[in-house]
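Chemist: I have a structure here, written as structure tokens, and I will follow up with some questions on it.
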Amino acid sequence: MEPGETTLEAVGVRKEYPDGTVALAGVDLAVRRGETVALVGESGSGKTTLLRCFNRMAEPSAGAVRVEGRPVDSFDPIELRRRTGYVPQEGGLLPHWTVARNVELVPRLLGWDEARRNARTRESLTLVGLDPDRHGPRYPLELSGGQRQRAAFARALAGDPPVLLLDEPFGALDPLTRLELQRQFLELKSRVGKTMLLVTHDLAEAFRLVDRVGVMRRGRLLQLAPPAQLAARPADPYVRDLLALLEAPPTAAAGAPRAVAVS
Amino acid sequence: MTARRFAAAALLAALAAPLFPARLSAAAAGRVVVGSKNFEESRLLAEMFAQLLEARTDLDVERRLGLAGTQVCFEALKSGAIDLYPEYTGTGLVTLLGEKPRGGRAETLARVRRAFAERWDLVWLPGLGFENAFEVAVRGDVARAHRLRTISDLARVAPGLSAAFGYEFVEREDGLPGLARLYGLRFASVRPMQHALKYGAAEAGEVEALDVYTTDGRLAVQDLVVLEDDRGLFPPYEAAPLARGTTLRRYPEAAAALGLLAGVLDETRMRRLNFRLQEGKESEEEVARDALRALGLVDEGAPATRAAAPGAPGLLGYLWSERRSIARRTGEHLGLSAIALLLGAAVAVPLGLGLERRRRLAEPLIRVLGMTQTVPSLALLAFMIPLLGVGALPAIVALWVYSLFPIVRNTFTGVRDADPRAVEAATALGMTPGQVLRQVRLPLAAPVLLAGVRTAAVLTVGTATLAAFIGAGGLGEPIVTGLQLASTPRILSGAIPAALLALVVDGALGLVERGVRPRGLA
């Protein structure tokens with residue numbers, strides 16, 4: 001497939017709950033193949049709901065959601081989820097399973113044979129900087145917060161999905177661990193070449209990590225642009241206020257050197 | 001894990017096996033089930049019927065003694081759970097037919113005979129020769145002080161006296177209500193009490209008056225004056241075997257054998273026999289055998305099978321002498337509880353899991369199940385009799401009902417509250433709802449679920465002591481009998497093992513609970 005093809009697409013997506021709460025008030029979003037996009041906003045802005053529309057953990061009330069050009073509702077939700085990586089805040093590892101068993105989750109669901117599963121589990125753990133022999137047999141509770149989050153990444157990658165959905169994956173970590181994991185994330189990103197949608201409330205994190213940043217507020221996507229462009233030409237007073245809160249000027253977001261190159 | 005589970009199942013099955021030795025229908029070939037109520041004379045007469053049938057016919061005789069009162073016995077007879085039991089004509093007339101007492105001994109027998117045969121195909125065999133009526137007695141010193149001879153005399157002074165009456169007597173038309181109506185009898189206070197405890201209350205001076213039975217052995221030894229029923233409230237209570245018509249037609253030899261008892265027992269003889277039982281040193285088997293021998297109805301040769309241990313020192317000695325029956329009853333008890341609990345878990349766990357998927361149903365349903373816990377155990381057991389007869393089956397069903405609530409509640413809350421982040425992640429990575437339930441929610445809920453099973457187990461073991469009231473055996477049997485005979489050692493020979501059993505079961509399930517706790521949980 002040619003680069004630039006749209007992998008994740010939302011057109012006029014609305015999500016309204018029975019009690020009248022509007023989570024998404026008509027959102028358009030397109031994430032290109034191999035691209036990493038962050039959705040930034042405060043709690044209740046609709047960023048997580050939009051993310052969940054792409055693995056059918058949420059169903060929109062109106063509008064179209066497409067994955068790799070196909071409407072999501074043409075997928076069986078179980079099949080769709082098995083081919084979509086997912087990392088929630090605080091990992092969501094199954095506490096009664098070892099790390100290795102957790103990482104094996106999707107390969108097992110996909111019915112891979114044992115040899116392939118084992119190889120893939122080792123590979124995934126190594127990819128996120130965990131030692132398969134040392135960390136694999138442990139239970140989540142026996143790991144540090146950072147290690148648990150790495151294991152969650154390994155689990156999301158194990159089924160080799162084309163798409164990763166990341167819901168505040170660094171949100172619950174202490175600052176030093178977070179920086180370390182963010183550094184590894186960038187490394188990972190360049191190596192695996194997945195299409196990734198990242199939800200965060202931390203604009204600085206988004207600037208460091210992704211190709212394009214979308215700012216959401218009250219169920220709307222206010223602006224979607226590469227970090228430098230967003231910093232230079234905020235299209236909305238809210239975006240400007242948000243930028244002002246950043247201590248370091250976004251132009252110094254040297255952590256994301258390839259960010260601009262995509263556009 | 002699987003092997004352990006299998007071993008546990010095998011163990012439970014082995015424990016349960018002795019509960020079902022072909023007890024399904026009383027009408028099976030060549031077998032007669034003899035029942036009795038839960039007081040010593042009824043047990044003694046039933047034991048005499050049983051021994052006589054064993055000596056004079058080829059029938060297998062099964063004993064179902066100590067059923068909880070007239071209603072239970074009567075329902076058991078109607079449903080065929082038992083084939084016969086000793087009953088009193090007055091009870092038949094007043095309690096079972098609901099008629100007013102009228103006429104003498106012969107007329108009463110004739111009336112119940114006709115009515116029972118027409119309505120239920122039940123047969124009153126020839127009377128045994130004595131009456132055991134309700135009577136009113138007062139302490140000797142009170143009778144002498146107030147010169148009391150008749151119930152009318154008592155009515156004059158009763159407002160200054162207190163009385164202890166049996167539960168049945170307080171309710172029956174030919175009991176306290178009838179006395180109040182006919183004699184205007186009113187006491188300063190009336191305490192409803194277990195039959196055997198009333199005598200102690202009188203002796204201790206706590207009450208002045210009580211209801212007694214004509215043939216009560218204690219009348220021979222305690223200073224009590226029986227008052228004359230001068231206005232004729234109490235109908236004749238002639239004792240006779242009451243049997244199913246179908247049983248007697250199928251086994252005419254049974255009717256012939258029981259006919260040998262016609263008119264051979266009188267009040268004095270019964271009072272003496274009852275007193276021997278009340279002393280608690282001889283079993284009803286021995287007393288019954290003696291009585292039948294004295295009447296020349298069984299061979300002299302057969303020695304009493306079980307020698308009592310009259311000289312056994314104290315409680316420990318008694319428990320030791322009873323060790324074999326305690327072991328057997330503990331087995332029965334454990335079997336009853338285990339079957340009820342297994343069936344409870346088999347229904348309640350899937351139900352609790354199902355409710356997790358239909359949460360709106362959960363709260364109302366769990367509340368309804370919770371209400372079963374408030375039904376008194378004895379009442380629930382009694383409800384079972386018209387439906388399921390007497391014995392192990394209704395007891396198991398009642399215990400099963402009790403076990404449901406704690407297991408359903410804990411299963412449901414356990415799976416509902418299982419780590420929501422783990423559940424969410426498992427779903428988002430493509431587990432089906434069934435896989436989430438089995439592989440995530442259920443293992444995470446296992447400790448909570450098992451705590452529910454543990455609660456149910458202790459509850460079941462405790463409640464199973466009441467199963468003796470409907471003839472299911474178990475450790476409740478010596479408790480029930482001991483209460484009737486006011487025999488503390490006998491009560492303790494049931495109560496102590498029952499309490500220990502509850503502790504052991506709780507401890508064992510505590511270990512299992514730790515075993516099923518998934519590794520990796522804090």
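If you're wondering about the labels, chains in the structure tokens are A, B, ... by order shown, residues count from 1 in each chain, ligands from 1 in order shown.
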Hey, what's within 10 Å of stretch 99-114 of chain A if we count only C-alpha atoms and toss same-chain stuff fewer than 4 positions away? As a PDB file with C-alpha atoms, in the first residue's frame, please?
Modeler:
```
ATOM      1  CA  ILE A  78     -14.068  -9.261  18.370  1.00  0.00           C
ATOM      2  CA  GLU A  79     -12.029  -9.707  15.166  1.00  0.00           C
ATOM      3  CA  ARG A  81     -10.104  -5.790  18.486  1.00  0.00           C
ATOM      4  CA  ARG A  82      -7.784  -8.751  18.031  1.00  0.00           C
ATOM      5  CA  ARG A  83      -6.065  -6.938  15.163  1.00  0.00           C
ATOM      6  CA  THR A  84      -5.933  -3.604  16.983  1.00  0.00           C
ATOM      7  CA  GLY A  85      -3.329  -3.091  19.680  1.00  0.00           C
ATOM      8  CA  GLY A  92      -4.663  -3.222  32.554  1.00  0.00           C
ATOM      9  CA  LEU A  93      -2.594  -6.386  32.830  1.00  0.00           C
ATOM     10  CA  LEU A  94      -4.527  -9.400  34.079  1.00  0.00           C
ATOM     11  CA  PRO A  95      -3.213  -9.709  37.641  1.00  0.00           C
ATOM     12  CA  ASN A 118       6.631 -18.303  22.397  1.00  0.00           C
ATOM     13  CA  ALA A 119       8.890 -16.733  19.818  1.00  0.00           C
ATOM     14  CA  ARG A 120       6.595 -13.760  19.457  1.00  0.00           C
ATOM     15  CA  THR A 121       6.275 -13.292  23.225  1.00  0.00           C
ATOM     16  CA  ARG A 122      10.051 -13.210  23.657  1.00  0.00           C
ATOM     17  CA  SER A 124       7.737  -8.468  22.053  1.00  0.00           C
ATOM     18  CA  LEU A 125       9.183  -8.398  25.559  1.00  0.00           C
ATOM     19  CA  PRO A 132      11.800 -12.610  28.691  1.00  0.00           C
ATOM     20  CA  ASP A 133      13.524 -14.968  31.133  1.00  0.00           C
ATOM     21  CA  HIS A 135      10.318 -10.697  33.685  1.00  0.00           C
ATOM     22  CA  GLY A 136       8.242 -13.181  31.710  1.00  0.00           C
ATOM     23  CA  PRO A 137       7.467 -15.602  34.567  1.00  0.00           C
ATOM     24  CA  ARG A 138       6.617 -12.840  37.051  1.00  0.00           C
ATOM     25  CA  TYR A 139       3.190 -11.622  38.035  1.00  0.00           C
ATOM     26  CA  PRO A 140       2.270  -7.992  37.291  1.00  0.00           C
ATOM     27  CA  LEU A 141       2.247  -7.135  40.984  1.00  0.00           C
ATOM     28  CA  GLU A 142       5.912  -8.162  41.200  1.00  0.00           C
ATOM     29  CA  LEU A 143       6.944  -5.531  38.638  1.00  0.00           C
ATOM     30  CA  GLN A 147       7.867  -2.424  33.844  1.00  0.00           C
ATOM     31  CA  ARG A 148       4.158  -3.105  33.940  1.00  0.00           C
ATOM     32  CA  ALA A 151       4.594  -5.290  29.460  1.00  0.00           C
ATOM     33  CA  ALA A 152       1.316  -3.692  28.403  1.00  0.00           C
ATOM     34  CA  PHE A 153       3.045  -2.344  25.285  1.00  0.00           C
ATOM     35  CA  ALA A 154       4.490  -5.787  24.600  1.00  0.00           C
ATOM     36  CA  ARG A 155       1.022  -7.268  24.909  1.00  0.00           C
ATOM     37  CA  ALA A 156      -0.393  -4.707  22.477  1.00  0.00           C
ATOM     38  CA  LEU A 157       2.347  -5.500  19.960  1.00  0.00           C
ATOM     39  CA  ALA A 158       2.320  -9.285  20.300  1.00  0.00           C
ATOM     40  CA  GLY A 159      -0.413  -9.951  17.739  1.00  0.00           C
ATOM     41  CA  ASP A 160       1.469  -7.708  15.249  1.00  0.00           C
ATOM     42  CA  PRO A 161      -1.526  -5.398  14.723  1.00  0.00           C
TER      43      PRO A 161
ATOM     44  CA  ALA B 426      -9.226  -8.065  28.079  1.00  0.00           C
ATOM     45  CA  LEU B 429      -7.939  -6.892  23.086  1.00  0.00           C
ATOM     46  CA  GLY B 430     -10.629  -9.116  21.659  1.00  0.00           C
ATOM     47  CA  MET B 431     -11.800 -11.568  24.297  1.00  0.00           C
ATOM     48  CA  THR B 432     -15.415 -12.593  23.852  1.00  0.00           C
ATOM     49  CA  GLN B 435     -13.852 -15.633  27.619  1.00  0.00           C
TER      50      GLN B 435
END
```
Chemist: Based on only C-alpha atoms, which of the residues in chain B come within 10 Å of chain A? I want them as a VMD selection string.
Modeler: chain B and resid 419 to 433 435 439 to 441 443 to 444 517 to 522
Chemist: Atoms to include: C-alpha atoms. Write the selected residues as a compact mmCIF listing (two decimals), in the first residue's frame.
Modeler:
```txt
# COMPACT_ATOMS: atom_id res chain seq x y z
CA ASP B 419 -10.62 -5.59 38.59
CA PRO B 420 -12.40 -3.31 36.06
CA ARG B 421 -9.14 -2.31 34.32
CA ALA B 422 -8.24 -5.93 33.65
CA VAL B 423 -11.75 -6.63 32.37
CA GLU B 424 -11.69 -3.57 30.13
CA ALA B 425 -8.27 -4.44 28.69
CA ALA B 426 -9.23 -8.07 28.08
CA THR B 427 -12.34 -6.93 26.22
CA ALA B 428 -10.49 -4.31 24.20
CA LEU B 429 -7.94 -6.89 23.09
CA GLY B 430 -10.63 -9.12 21.66
CA MET B 431 -11.80 -11.57 24.30
CA THR B 432 -15.42 -12.59 23.85
CA PRO B 433 -17.74 -11.90 26.80
CA GLN B 435 -13.85 -15.63 27.62
CA GLN B 439 -10.67 -16.39 32.09
CA VAL B 440 -10.75 -13.05 33.85
CA ARG B 441 -13.78 -12.38 36.01
CA PRO B 443 -10.54 -16.43 38.52
CA LEU B 444 -10.39 -12.93 39.99
CA ARG B 517 -6.70 -17.59 45.29
CA PRO B 518 -4.90 -16.90 42.02
CA ARG B 519 -1.21 -16.25 42.39
CA GLY B 520 -0.39 -12.67 41.67
CA LEU B 521 -3.23 -11.21 43.72
CA ALA B 522 -2.24 -9.08 46.65
```
Chemist: May I ask for the distance between atom CA of B:Ala180 and atom CA of B:Pro236, given in Å to one decimal place?
Modeler: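 According to the coordinates, atom CA of B:Ala180 and atom CA of B:Pro236 are separated by 19.4 Å.
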Chemist: Quick check, in Å to one decimal: how far apart do atom CA of B:Arg438 and atom CA of B:Ala345 lie?
Modeler: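 Distance between the two atoms: 16.4 Å.
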Chemist: Which distance in Å separates atom CA of B:Asn38 and atom CA of B:Val221, to one decimal?
Modeler: 22.3 Å
Chemist: Just the helix (DSSP H, G or I) stuff from stretch 134-227 of chain A, please, per backbone DSSP, written as a PyMOL selection string.
Modeler: chain A and resi 134-135+140-142+145-158+175-192+203-209+227
Chemist: Please dump the current selection as a compact mmCIF listing (two decimals), in the first residue's frame; keep N, CA and C atoms.
Modeler:
```
# COMPACT_ATOMS: atom_id res chain seq x y z
N ARG A 134 13.67 -13.17 32.72
CA ARG A 134 13.58 -12.62 34.07
C ARG A 134 12.17 -12.08 34.36
N HIS A 135 11.61 -11.34 33.43
CA HIS A 135 10.32 -10.70 33.68
C HIS A 135 9.13 -11.54 33.24
N PRO A 140 2.24 -9.45 37.42
CA PRO A 140 2.27 -7.99 37.29
C PRO A 140 2.60 -7.28 38.61
N LEU A 141 2.04 -7.80 39.71
CA LEU A 141 2.25 -7.14 40.98
C LEU A 141 3.72 -7.13 41.40
N GLU A 142 4.50 -8.07 40.82
CA GLU A 142 5.91 -8.16 41.20
C GLU A 142 6.80 -7.23 40.38
N GLY A 145 5.97 -0.04 38.27
CA GLY A 145 4.97 0.58 37.40
C GLY A 145 5.47 0.70 35.97
N GLY A 146 6.72 1.11 35.80
CA GLY A 146 7.27 1.26 34.46
C GLY A 146 7.35 -0.07 33.73
N GLN A 147 7.77 -1.09 34.47
CA GLN A 147 7.87 -2.42 33.84
C GLN A 147 6.50 -2.94 33.43
N ARG A 148 5.52 -2.66 34.28
CA ARG A 148 4.16 -3.11 33.94
C ARG A 148 3.69 -2.43 32.65
N GLN A 149 4.00 -1.14 32.52
CA GLN A 149 3.55 -0.41 31.34
C GLN A 149 4.27 -0.93 30.09
N ARG A 150 5.55 -1.29 30.24
CA ARG A 150 6.28 -1.90 29.11
C ARG A 150 5.60 -3.21 28.72
N ALA A 151 5.25 -4.01 29.74
CA ALA A 151 4.59 -5.29 29.46
C ALA A 151 3.28 -5.06 28.72
N ALA A 152 2.58 -3.99 29.09
CA ALA A 152 1.32 -3.69 28.40
C ALA A 152 1.58 -3.35 26.94
N PHE A 153 2.67 -2.62 26.68
CA PHE A 153 3.04 -2.34 25.29
C PHE A 153 3.38 -3.64 24.56
N ALA A 154 4.13 -4.52 25.23
CA ALA A 154 4.49 -5.79 24.60
C ALA A 154 3.23 -6.58 24.26
N ARG A 155 2.27 -6.54 25.16
CA ARG A 155 1.02 -7.27 24.91
C ARG A 155 0.29 -6.69 23.70
N ALA A 156 0.31 -5.34 23.60
CA ALA A 156 -0.39 -4.71 22.48
C ALA A 156 0.28 -5.05 21.15
N LEU A 157 1.60 -5.25 21.20
CA LEU A 157 2.35 -5.50 19.96
C LEU A 157 2.35 -6.97 19.55
N ALA A 158 2.05 -7.86 20.51
CA ALA A 158 2.32 -9.29 20.30
C ALA A 158 1.58 -9.86 19.10
N PRO A 175 7.54 10.97 36.99
CA PRO A 175 8.14 11.75 35.89
C PRO A 175 9.36 11.10 35.27
N LEU A 176 10.28 10.56 36.09
CA LEU A 176 11.51 9.99 35.52
C LEU A 176 11.21 8.76 34.68
N THR A 177 10.39 7.86 35.22
CA THR A 177 10.00 6.66 34.49
C THR A 177 9.29 7.06 33.20
N ARG A 178 8.47 8.09 33.31
CA ARG A 178 7.73 8.51 32.14
C ARG A 178 8.67 8.97 31.03
N LEU A 179 9.66 9.78 31.39
CA LEU A 179 10.64 10.24 30.39
C LEU A 179 11.35 9.06 29.74
N GLU A 180 11.73 8.10 30.56
CA GLU A 180 12.44 6.92 30.06
C GLU A 180 11.56 6.15 29.07
N LEU A 181 10.29 5.96 29.46
CA LEU A 181 9.40 5.21 28.57
C LEU A 181 9.10 5.98 27.29
N GLN A 182 9.00 7.30 27.43
CA GLN A 182 8.74 8.11 26.23
C GLN A 182 9.90 7.99 25.24
N ARG A 183 11.13 7.98 25.82
CA ARG A 183 12.31 7.84 24.96
C ARG A 183 12.26 6.50 24.21
N GLN A 184 11.92 5.45 24.96
CA GLN A 184 11.83 4.12 24.33
C GLN A 184 10.69 4.06 23.31
N PHE A 185 9.65 4.83 23.60
CA PHE A 185 8.50 4.83 22.69
C PHE A 185 8.93 5.36 21.32
N LEU A 186 9.72 6.41 21.35
CA LEU A 186 10.16 6.98 20.09
C LEU A 186 11.01 5.99 19.30
N GLU A 187 11.83 5.26 20.04
CA GLU A 187 12.66 4.25 19.40
C GLU A 187 11.79 3.17 18.76
N LEU A 188 10.83 2.75 19.56
CA LEU A 188 9.90 1.71 19.13
C LEU A 188 9.15 2.16 17.88
N LYS A 189 8.70 3.40 17.93
CA LYS A 189 7.89 3.96 16.86
C LYS A 189 8.63 3.89 15.54
N SER A 190 9.91 4.23 15.60
CA SER A 190 10.67 4.22 14.36
C SER A 190 10.92 2.79 13.89
N ARG A 191 10.96 1.85 14.83
CA ARG A 191 11.27 0.47 14.44
C ARG A 191 10.06 -0.30 13.96
N VAL A 192 8.91 -0.12 14.60
CA VAL A 192 7.76 -0.97 14.24
C VAL A 192 6.90 -0.37 13.14
N LEU A 203 0.25 18.22 26.67
CA LEU A 203 0.61 18.74 25.36
C LEU A 203 2.10 18.55 25.09
N ALA A 204 2.93 18.71 26.14
CA ALA A 204 4.38 18.56 25.97
C ALA A 204 4.71 17.15 25.52
N GLU A 205 4.03 16.19 26.16
CA GLU A 205 4.24 14.79 25.78
C GLU A 205 3.87 14.58 24.31
N ALA A 206 2.74 15.15 23.92
CA ALA A 206 2.29 15.00 22.54
C ALA A 206 3.32 15.59 21.57
N PHE A 207 3.82 16.76 21.92
CA PHE A 207 4.80 17.41 21.05
C PHE A 207 6.05 16.57 20.89
N ARG A 208 6.47 15.93 21.99
CA ARG A 208 7.69 15.12 21.94
C ARG A 208 7.50 13.86 21.11
N LEU A 209 6.30 13.31 21.11
CA LEU A 209 6.17 11.93 20.65
C LEU A 209 5.57 11.75 19.26
N PRO A 227 3.31 19.50 15.35
CA PRO A 227 3.60 20.33 16.53
C PRO A 227 4.09 21.74 16.18
```
Chemist: Please identify all polymer residues within 8 Å of B:Thr57, counting only C-alpha atoms, omitting same-chain residues fewer than 4 positions from it, and present them as an MDAnalysis selection string.
Modeler: chainID B and resid 53 253:254 257
Chemist: I need the chosen residues saved as an mmCIF file, in the first residue's frame, with N, CA and C atoms.
Modeler:
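What ended up in selection_20.cif:
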```
data_model
loop_
_atom_site.group_PDB
_atom_site.id
_atom_site.type_symbol
_atom_site.label_atom_id
_atom_site.label_comp_id
_atom_site.auth_asym_id
_atom_site.auth_seq_id
_atom_site.Cartn_x
_atom_site.Cartn_y
_atom_site.Cartn_z
ATOM 1 N N LEU B 53 -43.573 -56.585 64.262
ATOM 2 C CA LEU B 53 -43.620 -56.903 62.830
ATOM 3 C C LEU B 53 -42.407 -57.720 62.415
ATOM 4 N N GLU B 253 -50.631 -59.661 56.840
ATOM 5 C CA GLU B 253 -49.956 -60.212 58.006
ATOM 6 C C GLU B 253 -49.534 -59.094 58.977
ATOM 7 N N ALA B 254 -49.323 -57.891 58.437
ATOM 8 C CA ALA B 254 -48.956 -56.770 59.311
ATOM 9 C C ALA B 254 -50.120 -56.422 60.218
ATOM 10 N N ALA B 257 -50.447 -59.058 62.909
ATOM 11 C CA ALA B 257 -49.440 -58.952 63.960
ATOM 12 C C ALA B 257 -49.767 -57.807 64.911
#
```
Chemist: Among stretch 3-140 of chain A, which ones does DSSP place in strand (DSSP E), written as a ChimeraX atom specification?
Modeler: /A:6-16,22-32,36-40,62-67,70-71,84-87
Chemist: Considering only C-alpha atoms, can you say which of A:Val213, A:Val163, A:Gly26, A:Pro18 comes closest to A:Thr6?
Modeler: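 Result for the nearest residue to A:Thr6: A:Val163.
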Chemist: Between B:Pro159, B:Gly90, B:Gly232, B:Gly166, which one has atoms that come closest to B:Leu182, using only C-alpha atoms?
Modeler: B:Gly232
Chemist: Which residues are near B:Val33? Cut-off 6 Å, only C-alpha atoms, ignore same chain within fewer than 6 positions. Put them as a short mmCIF file (atom, residue, chain, number, x, y, z; two decimals) with N, CA and C atoms, in the first residue's frame.
Modeler:
```
data_model
loop_
_atom_site.label_atom_id
_atom_site.label_comp_id
_atom_site.auth_asym_id
_atom_site.auth_seq_id
_atom_site.Cartn_x
_atom_site.Cartn_y
_atom_site.Cartn_z
N VAL B 61 -38.54 -53.96 58.20
CA VAL B 61 -39.13 -52.82 58.90
C VAL B 61 -38.11 -51.70 58.99
N GLU B 62 -38.57 -50.54 58.55
CA GLU B 62 -37.70 -49.36 58.69
C GLU B 62 -38.31 -48.42 59.71
N ARG B 63 -37.47 -47.87 60.57
CA ARG B 63 -37.95 -46.97 61.62
C ARG B 63 -37.69 -45.53 61.25
N ILE B 82 -44.31 -42.82 55.40
CA ILE B 82 -44.35 -43.87 56.42
C ILE B 82 -45.64 -44.67 56.21
N ASP B 83 -45.68 -45.88 56.78
CA ASP B 83 -46.87 -46.73 56.60
C ASP B 83 -47.77 -46.74 57.81
#
```
Chemist: So that I can check the surroundings of A:Val65, please list as a PyMOL selection string every protein, DNA and RNA residue that reaches within 12 Å of it, counting only C-alpha atoms and ignoring chain neighbours fewer than 6 positions away.
Modeler: chain A and resi 6-15+26-31+50-56+58-59+71-75
Chemist: Show me, as an mmCIF file with C-alpha atoms, in the first residue's frame, the residues that have an atom within 9 Å of stretch 94-104 of chain B when counting only C-alpha atoms, minus same-chain residues fewer than 3 positions from it.
Modeler:
```
data_model
loop_
_atom_site.group_PDB
_atom_site.id
_atom_site.type_symbol
_atom_site.label_atom_id
_atom_site.label_comp_id
_atom_site.auth_asym_id
_atom_site.auth_seq_id
_atom_site.Cartn_x
_atom_site.Cartn_y
_atom_site.Cartn_z
ATOM 1 C CA THR B 70 -48.765 -34.610 64.760
ATOM 2 C CA GLN B 71 -48.863 -32.685 61.476
ATOM 3 C CA PHE B 74 -49.816 -37.317 59.554
ATOM 4 C CA THR B 89 -58.180 -41.091 68.834
ATOM 5 C CA GLY B 90 -58.756 -37.714 70.479
ATOM 6 C CA THR B 91 -55.978 -36.170 68.407
ATOM 7 C CA GLU B 107 -67.815 -43.608 69.995
ATOM 8 C CA THR B 108 -64.691 -41.552 69.383
ATOM 9 C CA LEU B 109 -62.862 -44.526 67.903
ATOM 10 C CA VAL B 112 -62.387 -41.386 63.531
ATOM 11 C CA ALA B 115 -63.910 -40.514 58.691
ATOM 12 C CA PHE B 116 -60.276 -41.534 58.151
ATOM 13 C CA ARG B 172 -55.387 -26.815 70.658
ATOM 14 C CA GLU B 173 -59.111 -26.376 71.017
ATOM 15 C CA ASP B 174 -59.069 -29.170 73.603
ATOM 16 C CA LEU B 233 -63.489 -30.950 78.074
ATOM 17 C CA PHE B 234 -60.896 -33.550 77.095
ATOM 18 C CA PRO B 235 -62.014 -36.211 74.644
ATOM 19 C CA PRO B 236 -60.807 -39.787 75.060
#
```
Chemist: Check the smallest atom-to-atom distance from each of A:Ala225, A:Val40, A:Val67, A:Val215 to A:Pro237 using only C-alpha atoms, then report the winner.
Modeler: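 Nearest candidate to A:Pro237 out of A:Ala225, A:Val40, A:Val67, A:Val215: A:Val215.
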Chemist: Applying 10 Å and only C-alpha atoms, which residues near B:Leu297 remain after dropping the ones on its own chain fewer than 6 positions away? List them as a CSV table (one decimal) with N, CA and C atoms, in the first residue's frame.
Modeler:
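What landed in part-v7.csv:
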```
chain,number,residue,atom,x,y,z
B,51,GLN,N,-40.8,-54.1,66.3
B,51,GLN,CA,-40.2,-55.3,66.7
B,51,GLN,C,-41.2,-56.5,66.6
B,52,LEU,N,-42.5,-56.1,66.8
B,52,LEU,CA,-43.5,-57.1,66.6
B,52,LEU,C,-43.6,-57.6,65.2
B,55,ALA,N,-40.7,-59.7,64.4
B,55,ALA,CA,-40.8,-61.1,64.9
B,55,ALA,C,-41.9,-61.9,64.3
B,56,ARG,N,-43.0,-61.3,63.9
B,56,ARG,CA,-44.1,-62.1,63.4
B,56,ARG,C,-44.3,-62.1,61.9
B,257,ALA,N,-50.4,-59.1,62.9
B,257,ALA,CA,-49.4,-59.0,64.0
B,257,ALA,C,-49.8,-57.8,64.9
B,260,LEU,N,-52.3,-58.2,67.7
B,260,LEU,CA,-52.0,-58.9,68.9
B,260,LEU,C,-51.8,-57.9,70.1
B,261,LEU,N,-51.7,-56.6,69.7
B,261,LEU,CA,-51.5,-55.6,70.8
B,261,LEU,C,-52.8,-55.1,71.3
B,289,ARG,N,-38.6,-54.3,73.9
B,289,ARG,CA,-38.4,-55.7,73.9
B,289,ARG,C,-38.9,-56.4,75.2
B,291,ALA,N,-41.2,-55.2,77.2
B,291,ALA,CA,-42.6,-55.1,77.2
B,291,ALA,C,-43.3,-56.2,76.4
```
